[in-house]
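Here's the structure, in structure tokens; my notes come after.
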Amino acid sequence: VIIYADEEAFAEAANSDPANAQADPDQMEEKEKLPFYLTAFDSLKTLIFSLVAVLFLFTLLFRGVTVNGNSMNETLHNEDYLIISDLFYTPKTGDIIVAQSESYMDGKESLIKRVIATGGQTVRIDFSTWSVWVDGELLEENYIKRDAGRTMNSESMLVQNGIAEITVEEGCLFVMGDNRNDSKDSRFWDKQYVASGKIVAKVMLMYYPSLKILK
């Protein structure tokens, strides 16, 4: 402990103490400034981290696929690029899905079709008028490609007077392509349905050659 003899000595010691000296603002500013390359490096790290986070989320929640074939004309075309997602997805009539069927390439390849009906629903098709009902309600299918002067292909379905009716098994989907006369789907397959567990994802949007949100 230092004991000062008088006030003057105390004041002189206090003024000479570096801890009590006021800092020069210019000197402080110089100390706080970082070299340009360090500032740029920090910004680059932040940008890279943000891009990686976005890519991770996109990969986790969404996927990109390419259409192969014409069965979904005129809604989708060969080599269209699509974004799909299975996040919290429950299939319903009208959805476009990517799925697998044991009747298509032994379930080893995916296909793109439209959901017509889900488990427990009854599908009624008039092949002469191209009309489809689900549980007695006529579907407004302005998206399908019709062949003028021709009936819709019925193939393996049991048809009476141009009409077929079937109730979809629980846990399954009845699907068709929008290009009805150029699509292999539930009308053709020995095992008519797509199992709900074989749904890969719902088609959300097309991003090339044009941007279109798909419902």
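Simple scheme: letters A, B, ... for chains in structure tokens order, numbers from 1 for residues in each chain, numbers from 1 for ligands in the order shown.
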Quick one: residues within 8 Å of Leu214 (chain A), only C-alpha atoms, excluding same-chain residues fewer than 2 positions away - as number ranges by chain? A: 96, 203-206, 212
Hey, what's within 12 Å of Asp95 (chain A) if we count only C-alpha atoms and toss same-chain stuff fewer than 5 positions away? As a PDB file with N, CA, C and O atoms, in the first residue's frame, please?
```pdb
ATOM      1  N   ILE A  84     -40.298 -32.093 -56.682  1.00  0.00           N
ATOM      2  CA  ILE A  84     -41.233 -32.945 -55.960  1.00  0.00           C
ATOM      3  C   ILE A  84     -40.914 -32.908 -54.464  1.00  0.00           C
ATOM      4  O   ILE A  84     -39.793 -32.586 -54.064  1.00  0.00           O
ATOM      5  N   TYR A  89     -47.220 -35.262 -46.826  1.00  0.00           N
ATOM      6  CA  TYR A  89     -48.112 -35.440 -47.974  1.00  0.00           C
ATOM      7  C   TYR A  89     -49.150 -36.535 -47.736  1.00  0.00           C
ATOM      8  O   TYR A  89     -48.820 -37.647 -47.338  1.00  0.00           O
ATOM      9  N   THR A  90     -50.411 -36.200 -48.012  1.00  0.00           N
ATOM     10  CA  THR A  90     -51.515 -37.150 -48.024  1.00  0.00           C
ATOM     11  C   THR A  90     -52.174 -37.079 -49.401  1.00  0.00           C
ATOM     12  O   THR A  90     -52.644 -35.998 -49.789  1.00  0.00           O
ATOM     13  N   ILE A 112     -44.921 -41.133 -63.395  1.00  0.00           N
ATOM     14  CA  ILE A 112     -45.660 -39.921 -63.037  1.00  0.00           C
ATOM     15  C   ILE A 112     -47.089 -40.062 -63.533  1.00  0.00           C
ATOM     16  O   ILE A 112     -47.318 -40.251 -64.733  1.00  0.00           O
ATOM     17  N   LYS A 113     -48.040 -39.987 -62.615  1.00  0.00           N
ATOM     18  CA  LYS A 113     -49.461 -40.134 -62.965  1.00  0.00           C
ATOM     19  C   LYS A 113     -50.294 -39.183 -62.106  1.00  0.00           C
ATOM     20  O   LYS A 113     -49.815 -38.605 -61.135  1.00  0.00           O
ATOM     21  N   ARG A 114     -51.582 -39.099 -62.462  1.00  0.00           N
ATOM     22  CA  ARG A 114     -52.500 -38.291 -61.685  1.00  0.00           C
ATOM     23  C   ARG A 114     -53.375 -39.198 -60.818  1.00  0.00           C
ATOM     24  O   ARG A 114     -53.879 -40.223 -61.290  1.00  0.00           O
ATOM     25  N   VAL A 115     -53.560 -38.814 -59.569  1.00  0.00           N
ATOM     26  CA  VAL A 115     -54.424 -39.569 -58.664  1.00  0.00           C
ATOM     27  C   VAL A 115     -55.883 -39.324 -59.062  1.00  0.00           C
ATOM     28  O   VAL A 115     -56.335 -38.180 -59.103  1.00  0.00           O
ATOM     29  N   ILE A 116     -56.591 -40.416 -59.343  1.00  0.00           N
ATOM     30  CA  ILE A 116     -58.013 -40.320 -59.654  1.00  0.00           C
ATOM     31  C   ILE A 116     -58.849 -40.591 -58.410  1.00  0.00           C
ATOM     32  O   ILE A 116     -59.820 -39.898 -58.128  1.00  0.00           O
ATOM     33  N   ALA A 117     -58.461 -41.607 -57.648  1.00  0.00           N
ATOM     34  CA  ALA A 117     -59.205 -41.952 -56.433  1.00  0.00           C
ATOM     35  C   ALA A 117     -58.285 -42.619 -55.435  1.00  0.00           C
ATOM     36  O   ALA A 117     -57.265 -43.214 -55.797  1.00  0.00           O
ATOM     37  N   THR A 118     -58.662 -42.526 -54.171  1.00  0.00           N
ATOM     38  CA  THR A 118     -57.896 -43.147 -53.092  1.00  0.00           C
ATOM     39  C   THR A 118     -58.703 -44.296 -52.489  1.00  0.00           C
ATOM     40  O   THR A 118     -59.838 -44.560 -52.889  1.00  0.00           O
ATOM     41  N   LEU A 173     -54.197 -46.478 -54.503  1.00  0.00           N
ATOM     42  CA  LEU A 173     -54.612 -45.369 -55.351  1.00  0.00           C
ATOM     43  C   LEU A 173     -54.935 -45.880 -56.754  1.00  0.00           C
ATOM     44  O   LEU A 173     -54.274 -46.776 -57.269  1.00  0.00           O
ATOM     45  N   PHE A 174     -55.958 -45.285 -57.360  1.00  0.00           N
ATOM     46  CA  PHE A 174     -56.255 -45.517 -58.768  1.00  0.00           C
ATOM     47  C   PHE A 174     -55.709 -44.310 -59.519  1.00  0.00           C
ATOM     48  O   PHE A 174     -56.082 -43.169 -59.228  1.00  0.00           O
ATOM     49  N   VAL A 175     -54.823 -44.552 -60.476  1.00  0.00           N
ATOM     50  CA  VAL A 175     -54.141 -43.448 -61.169  1.00  0.00           C
ATOM     51  C   VAL A 175     -54.293 -43.583 -62.680  1.00  0.00           C
ATOM     52  O   VAL A 175     -54.441 -44.678 -63.218  1.00  0.00           O
ATOM     53  N   MET A 176     -54.255 -42.433 -63.350  1.00  0.00           N
ATOM     54  CA  MET A 176     -54.235 -42.415 -64.813  1.00  0.00           C
ATOM     55  C   MET A 176     -53.348 -41.274 -65.291  1.00  0.00           C
ATOM     56  O   MET A 176     -53.135 -40.291 -64.573  1.00  0.00           O
ATOM     57  N   GLY A 177     -52.868 -41.401 -66.517  1.00  0.00           N
ATOM     58  CA  GLY A 177     -52.135 -40.315 -67.145  1.00  0.00           C
ATOM     59  C   GLY A 177     -53.110 -39.347 -67.795  1.00  0.00           C
ATOM     60  O   GLY A 177     -54.222 -39.721 -68.180  1.00  0.00           O
ATOM     61  N   ASP A 178     -52.707 -38.090 -67.932  1.00  0.00           N
ATOM     62  CA  ASP A 178     -53.578 -37.098 -68.567  1.00  0.00           C
ATOM     63  C   ASP A 178     -53.738 -37.361 -70.063  1.00  0.00           C
ATOM     64  O   ASP A 178     -54.755 -36.991 -70.651  1.00  0.00           O
ATOM     65  N   ILE A 199     -45.735 -44.422 -52.906  1.00  0.00           N
ATOM     66  CA  ILE A 199     -45.678 -43.038 -53.373  1.00  0.00           C
ATOM     67  C   ILE A 199     -44.299 -42.469 -53.058  1.00  0.00           C
ATOM     68  O   ILE A 199     -43.842 -42.524 -51.916  1.00  0.00           O
ATOM     69  N   ALA A 201     -43.376 -39.124 -54.062  1.00  0.00           N
ATOM     70  CA  ALA A 201     -43.607 -37.723 -53.690  1.00  0.00           C
ATOM     71  C   ALA A 201     -44.704 -37.125 -54.558  1.00  0.00           C
ATOM     72  O   ALA A 201     -45.119 -37.713 -55.559  1.00  0.00           O
ATOM     73  N   LYS A 202     -45.153 -35.959 -54.155  1.00  0.00           N
ATOM     74  CA  LYS A 202     -46.093 -35.187 -54.965  1.00  0.00           C
ATOM     75  C   LYS A 202     -45.305 -34.221 -55.841  1.00  0.00           C
ATOM     76  O   LYS A 202     -44.300 -33.650 -55.409  1.00  0.00           O
ATOM     77  N   VAL A 203     -45.776 -34.037 -57.078  1.00  0.00           N
ATOM     78  CA  VAL A 203     -45.163 -33.051 -57.969  1.00  0.00           C
ATOM     79  C   VAL A 203     -45.663 -31.672 -57.568  1.00  0.00           C
ATOM     80  O   VAL A 203     -46.866 -31.413 -57.551  1.00  0.00           O
ATOM     81  N   MET A 204     -44.719 -30.777 -57.232  1.00  0.00           N
ATOM     82  CA  MET A 204     -45.071 -29.446 -56.743  1.00  0.00           C
ATOM     83  C   MET A 204     -45.094 -28.406 -57.863  1.00  0.00           C
ATOM     84  O   MET A 204     -46.014 -27.607 -57.962  1.00  0.00           O
ATOM     85  N   LEU A 205     -44.046 -28.420 -58.685  1.00  0.00           N
ATOM     86  CA  LEU A 205     -43.980 -27.423 -59.760  1.00  0.00           C
ATOM     87  C   LEU A 205     -43.040 -27.877 -60.866  1.00  0.00           C
ATOM     88  O   LEU A 205     -42.205 -28.757 -60.676  1.00  0.00           O
ATOM     89  N   ILE A 213     -46.713 -23.801 -61.346  1.00  0.00           N
ATOM     90  CA  ILE A 213     -47.100 -24.498 -60.124  1.00  0.00           C
ATOM     91  C   ILE A 213     -48.179 -25.520 -60.477  1.00  0.00           C
ATOM     92  O   ILE A 213     -49.155 -25.209 -61.158  1.00  0.00           O
ATOM     93  N   LEU A 214     -48.005 -26.757 -60.010  1.00  0.00           N
ATOM     94  CA  LEU A 214     -48.911 -27.835 -60.348  1.00  0.00           C
ATOM     95  C   LEU A 214     -49.751 -28.188 -59.137  1.00  0.00           C
ATOM     96  O   LEU A 214     -49.230 -28.413 -58.049  1.00  0.00           O
ATOM     97  N   LYS A 215     -51.060 -28.248 -59.307  1.00  0.00           N
ATOM     98  CA  LYS A 215     -51.964 -28.553 -58.209  1.00  0.00           C
ATOM     99  C   LYS A 215     -52.401 -30.001 -58.282  1.00  0.00           C
ATOM    100  O   LYS A 215     -52.440 -30.595 -59.346  1.00  0.00           O
TER     101      LYS A 215
END
```
Å distance separating CA of Leu82 (chain A) from CA of Arg63 (chain A), one decimal place: 8.3 Å
Residues within 12 Å of Asn142 (chain A), only C-alpha atoms, excluding chain neighbours under 3 positions, as a ChimeraX atom specification: /A:74-75,94,130-132,138-139,145-146,178-179
Step one, run DSSP on the backbone; step two, keep only residues of region 40-212 of chain A assigned to strand (DSSP E); then write them as a PyMOL selection string. chain A and resi 63-66+81-85+96-99+111-118+122-126+131-134+137-138+163-167+172-176+194-195+199-208+212
Considering only C-alpha atoms, can you say which of A:Ser43, A:Asn73, A:Asn161, A:Thr66 comes closest to Ser128 (chain A)? A:Asn161
Residues near Gly107 (chain A), anyone? I mean within 10 Å using only C-alpha atoms, not counting same-chain ones fewer than 6 positions away, as a ChimeraX atom specification. /A:99-101,194,198
Keeping only N, CA, C and O atoms, write those residues as a PDB file, in the first residue's frame.
```pdb
ATOM      1  N   ALA A  99     -44.557 -42.225 -58.331  1.00  0.00           N
ATOM      2  CA  ALA A  99     -44.804 -43.439 -57.548  1.00  0.00           C
ATOM      3  C   ALA A  99     -44.212 -44.647 -58.259  1.00  0.00           C
ATOM      4  O   ALA A  99     -43.661 -44.538 -59.365  1.00  0.00           O
ATOM      5  N   GLN A 100     -44.333 -45.783 -57.608  1.00  0.00           N
ATOM      6  CA  GLN A 100     -43.892 -47.058 -58.184  1.00  0.00           C
ATOM      7  C   GLN A 100     -45.043 -48.050 -58.137  1.00  0.00           C
ATOM      8  O   GLN A 100     -45.858 -48.024 -57.213  1.00  0.00           O
ATOM      9  N   SER A 101     -45.096 -48.895 -59.150  1.00  0.00           N
ATOM     10  CA  SER A 101     -46.122 -49.930 -59.212  1.00  0.00           C
ATOM     11  C   SER A 101     -45.474 -51.255 -59.576  1.00  0.00           C
ATOM     12  O   SER A 101     -44.581 -51.304 -60.435  1.00  0.00           O
ATOM     13  N   VAL A 194     -51.803 -48.405 -57.237  1.00  0.00           N
ATOM     14  CA  VAL A 194     -50.523 -48.006 -56.654  1.00  0.00           C
ATOM     15  C   VAL A 194     -50.705 -48.042 -55.141  1.00  0.00           C
ATOM     16  O   VAL A 194     -51.619 -47.393 -54.603  1.00  0.00           O
ATOM     17  N   LYS A 198     -45.979 -46.859 -51.808  1.00  0.00           N
ATOM     18  CA  LYS A 198     -45.099 -46.766 -52.968  1.00  0.00           C
ATOM     19  C   LYS A 198     -45.077 -45.367 -53.577  1.00  0.00           C
ATOM     20  O   LYS A 198     -44.504 -45.152 -54.644  1.00  0.00           O
TER      21      LYS A 198
END
```
Have a look at A:Glu155, A:Glu141, A:Asp42, A:Glu79 and name the one nearest to Phe188 (chain A); count only C-alpha atoms.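 The closest residue to Phe188 (chain A) is A:Glu155.
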A straight line from CA of Asp80 (chain A) to CA of Asp106 (chain A) spans 24.5 Å
Neighbours of Arg124 (chain A) within 8 Å (only C-alpha atoms; same-chain residues fewer than 4 positions away dropped), as a list of chain:residue names?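 Contacts, in chain order: A:Val132, A:Trp133, A:Val134, A:Gly136, A:Ile163, A:Ala164, A:Glu165, A:Ile166.
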Next, dump the selected residues to file, keeping only C-alpha atoms, as a PDB file, in the first residue's frame.
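Output saved as out.pdb:
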```pdb
ATOM      1  CA  VAL A 132     -64.863 -39.871 -64.864  1.00  0.00           C
ATOM      2  CA  TRP A 133     -66.826 -39.847 -61.593  1.00  0.00           C
ATOM      3  CA  VAL A 134     -65.464 -40.399 -58.084  1.00  0.00           C
ATOM      4  CA  GLY A 136     -70.748 -40.020 -57.835  1.00  0.00           C
ATOM      5  CA  ILE A 163     -68.843 -47.947 -68.637  1.00  0.00           C
ATOM      6  CA  ALA A 164     -66.616 -49.432 -65.938  1.00  0.00           C
ATOM      7  CA  GLU A 165     -66.971 -49.069 -62.188  1.00  0.00           C
ATOM      8  CA  ILE A 166     -64.532 -50.091 -59.501  1.00  0.00           C
TER       9      ILE A 166
END
```
Can you pull out every residue within 8 Å of Cys172 (chain A), counting only C-alpha atoms, but drop anything in the same chain fewer than 3 positions away, and send it as a tab-separated table (two decimals) with all heavy atoms, in the first residue's frame?
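That gives us around-v1.tsv:
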```tsv
chain	number	residue	atom	x	y	z
A	118	THR	N	-58.66	-42.53	-54.17
A	118	THR	CA	-57.90	-43.15	-53.09
A	118	THR	C	-58.70	-44.30	-52.49
A	118	THR	O	-59.84	-44.56	-52.89
A	118	THR	CB	-57.56	-42.11	-52.01
A	118	THR	OG1	-58.77	-41.57	-51.48
A	118	THR	CG2	-56.74	-40.97	-52.59
A	119	GLY	N	-58.11	-44.99	-51.52
A	119	GLY	CA	-58.72	-46.17	-50.93
A	119	GLY	C	-60.14	-45.97	-50.44
A	119	GLY	O	-60.43	-45.01	-49.74
A	168	VAL	N	-61.83	-48.70	-55.12
A	168	VAL	CA	-60.40	-48.81	-54.86
A	168	VAL	C	-60.14	-49.48	-53.51
A	168	VAL	O	-60.80	-49.16	-52.52
A	168	VAL	CB	-59.73	-47.42	-54.89
A	168	VAL	CG1	-58.22	-47.54	-54.71
A	168	VAL	CG2	-60.06	-46.71	-56.20
A	169	GLU	N	-59.21	-50.40	-53.49
A	169	GLU	CA	-58.85	-51.07	-52.25
A	169	GLU	C	-58.25	-50.08	-51.25
A	169	GLU	O	-57.60	-49.09	-51.64
A	169	GLU	CB	-57.83	-52.18	-52.53
A	169	GLU	CG	-58.38	-53.34	-53.35
A	169	GLU	CD	-57.32	-54.39	-53.61
A	169	GLU	OE1	-56.22	-54.28	-53.00
A	169	GLU	OE2	-57.57	-55.31	-54.40
A	193	TYR	N	-53.67	-51.07	-58.84
A	193	TYR	CA	-53.48	-49.92	-57.99
A	193	TYR	C	-52.01	-49.62	-57.68
A	193	TYR	O	-51.14	-50.47	-57.84
A	193	TYR	CB	-54.21	-50.12	-56.66
A	193	TYR	CG	-55.66	-50.50	-56.83
A	193	TYR	CD1	-56.14	-51.72	-56.39
A	193	TYR	CD2	-56.55	-49.63	-57.45
A	193	TYR	CE1	-57.47	-52.07	-56.54
A	193	TYR	CE2	-57.89	-49.97	-57.62
A	193	TYR	CZ	-58.34	-51.19	-57.17
A	193	TYR	OH	-59.65	-51.54	-57.33
A	194	VAL	N	-51.80	-48.41	-57.24
A	194	VAL	CA	-50.52	-48.01	-56.65
A	194	VAL	C	-50.71	-48.04	-55.14
A	194	VAL	O	-51.62	-47.39	-54.60
A	194	VAL	CB	-50.11	-46.59	-57.09
A	194	VAL	CG1	-48.92	-46.10	-56.28
A	194	VAL	CG2	-49.78	-46.56	-58.57
A	195	ALA	N	-49.88	-48.80	-54.45
A	195	ALA	CA	-49.96	-48.85	-52.99
A	195	ALA	C	-49.52	-47.51	-52.41
A	195	ALA	O	-48.57	-46.89	-52.90
A	195	ALA	CB	-49.08	-49.97	-52.45
A	196	SER	N	-50.21	-47.06	-51.38
A	196	SER	CA	-49.88	-45.77	-50.76
A	196	SER	C	-48.43	-45.72	-50.31
A	196	SER	O	-47.78	-44.67	-50.36
A	196	SER	CB	-50.81	-45.48	-49.58
A	196	SER	OG	-52.15	-45.36	-50.02
```
